[in-house]
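**Student:** My file is query25.cif. It has mmCIF, C-alpha atoms:
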data_protein
loop_
_atom_site.label_atom_id
_atom_site.label_comp_id
_atom_site.auth_asym_id
_atom_site.auth_seq_id
_atom_site.Cartn_x
_atom_site.Cartn_y
_atom_site.Cartn_z
CA MET A 91 39.78 -5.26 -36.14
CA VAL A 92 37.70 -3.05 -38.40
CA THR A 93 35.64 -4.62 -41.14
CA SER A 94 34.08 -3.29 -44.30
CA ASN A 95 30.73 -3.32 -42.44
CA PRO A 96 31.46 -1.52 -39.18
CA THR A 97 29.11 -1.94 -36.26
CA PHE A 98 27.42 0.93 -34.53
CA ARG A 99 26.10 1.04 -30.97
CA ASP A 100 23.00 3.19 -30.70
CA PRO A 101 23.66 5.59 -27.79
CA LYS A 102 19.99 5.61 -26.79
CA THR A 103 19.13 1.91 -26.92
CA LYS A 104 22.69 0.57 -26.46
CA LYS A 105 21.92 -2.02 -29.15
CA LYS A 106 24.64 -3.02 -31.56
CA THR A 107 23.79 -2.74 -35.25
CA THR A 108 25.58 -3.69 -38.43
CA PHE A 109 24.67 -1.57 -41.40
CA THR A 110 23.52 -3.53 -44.42
CA ASP A 111 22.80 -0.59 -46.71
CA ASP A 112 25.67 1.33 -48.22
CA TYR A 113 24.55 4.85 -47.35
CA PRO A 114 24.61 4.64 -43.52
CA ARG A 115 27.76 2.51 -43.64
CA LEU A 116 29.55 5.05 -45.85
CA ARG A 117 28.38 7.98 -43.70
CA LEU A 118 29.78 6.27 -40.60
CA ILE A 119 33.08 5.65 -42.39
CA GLU A 120 33.18 9.29 -43.48
CA ARG A 121 32.58 10.47 -39.91
CA ILE A 122 35.32 8.20 -38.54
CA ILE A 123 37.83 9.35 -41.15
CA ASP A 124 36.91 13.02 -40.67
CA ALA A 125 37.34 12.68 -36.91
CA ARG A 126 40.81 11.12 -37.24
CA TRP A 127 42.48 13.84 -39.32
CA PRO A 128 42.19 16.65 -36.74
CA ALA A 129 43.87 14.35 -34.23
CA VAL A 130 47.11 14.43 -36.25
CA ARG A 131 49.47 16.81 -34.50
CA ASP A 132 50.89 19.67 -36.51
CA ILE A 133 49.21 18.47 -39.69
CA ASP A 134 49.60 21.90 -41.27
CA SER A 135 53.38 21.74 -40.94
CA LEU A 136 53.68 18.23 -42.44
CA ASP A 137 54.43 17.45 -46.06
CA ARG A 138 51.04 16.00 -46.98
CA TYR A 139 52.42 14.10 -49.96
CA HIS A 140 55.55 12.55 -48.47
CA ASP A 141 55.03 12.26 -44.71
CA GLN A 142 55.14 8.60 -43.70
CA SER A 143 52.75 8.97 -40.74
CA LEU A 144 50.07 10.48 -42.99
CA GLU A 145 50.61 7.76 -45.57
CA LYS A 146 50.16 5.13 -42.85
CA ILE A 147 46.81 6.71 -41.87
CA ARG A 148 45.72 6.67 -45.51
CA GLN A 149 46.70 3.03 -45.92
CA ASP A 150 44.94 2.10 -42.64
CA HIS A 151 41.75 3.77 -43.87
CA ALA A 152 41.96 1.99 -47.22
CA THR A 153 42.43 -1.38 -45.54
CA ALA A 154 39.87 -0.90 -42.79
CA PHE A 155 37.00 0.65 -44.66
CA PHE A 156 37.13 -0.09 -48.34
CA ALA A 157 37.68 -3.87 -48.40
CA GLY A 158 40.07 -3.73 -51.31
CA LEU A 159 37.65 -1.75 -53.49
CA ALA A 160 39.65 1.45 -53.11
CA THR A 161 43.20 2.12 -52.10
CA TYR A 162 45.64 4.93 -51.74
CA THR A 163 48.81 4.77 -53.77
CA PRO A 164 51.95 5.47 -51.79
CA VAL A 165 53.72 8.53 -53.11
CA PRO A 166 57.33 7.73 -54.12
#
Output the file's structure in the form of structure tokens.

**Tutor:**
Amino acid sequence: MVTSNPTFRDPKTKKKTTFTDDYPRLRLIERIIDARWPAVRDIDSLDRYHDQSLEKIRQDHATAFFAGLATYTPVP
């Protein structure tokens, strides 16, 4: 389960940290989201506005990272 305050394991010290400030937390979220999009197969051939798999990714990001403060609106 992903929370609005994701944890980060420092690769050098192996210690687990929860970000309390917004900036590092938002940067981590941005990096996670940016890393997920290239993993979508054939993204260039998909209809970015109506493809259900892309909409599911958007909704998952909204739920996991923005704690109800932001959301994507499903396209009809």

**Student:** With only C-alpha atoms as the atoms that count, which of A:Leu144, A:Phe98, A:Lys104, A:Ala160 lies nearest to A:Arg126?

**Tutor:**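 Answer, going by the shortest atom-to-atom distance: A:Leu144.
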
**Student:** Set the distance at 12 Å and use only C-alpha atoms: which residues neighbour A:Ile122 once local chain neighbours fewer than 3 positions away are removed? I'd like the list as a ChimeraX atom specification.

**Tutor:** /A:92,96,98,115-119,125-129,151,154-155

**Student:** If we count all atoms listed in the file, what is near A:Ser143 at a cut-off of 12 Å, once residues fewer than 3 positions away on the same chain are taken out, given as a ChimeraX atom specification?

**Tutor:** /A:127,130-133,136-140,146-150,164

**Student:** In Å, with one decimal, what is the gap from atom CA of A:Lys106 to atom CA of A:Leu159?

**Tutor:**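 Computing it gives 25.5 Å between the two atoms.
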
**Student:** When you draw a straight line from atom CA of A:Glu145 to atom CA of A:Asp124, how long is it in Å?

**Tutor:**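 Going from atom CA of A:Glu145 over to atom CA of A:Asp124, I get 15.5 Å.
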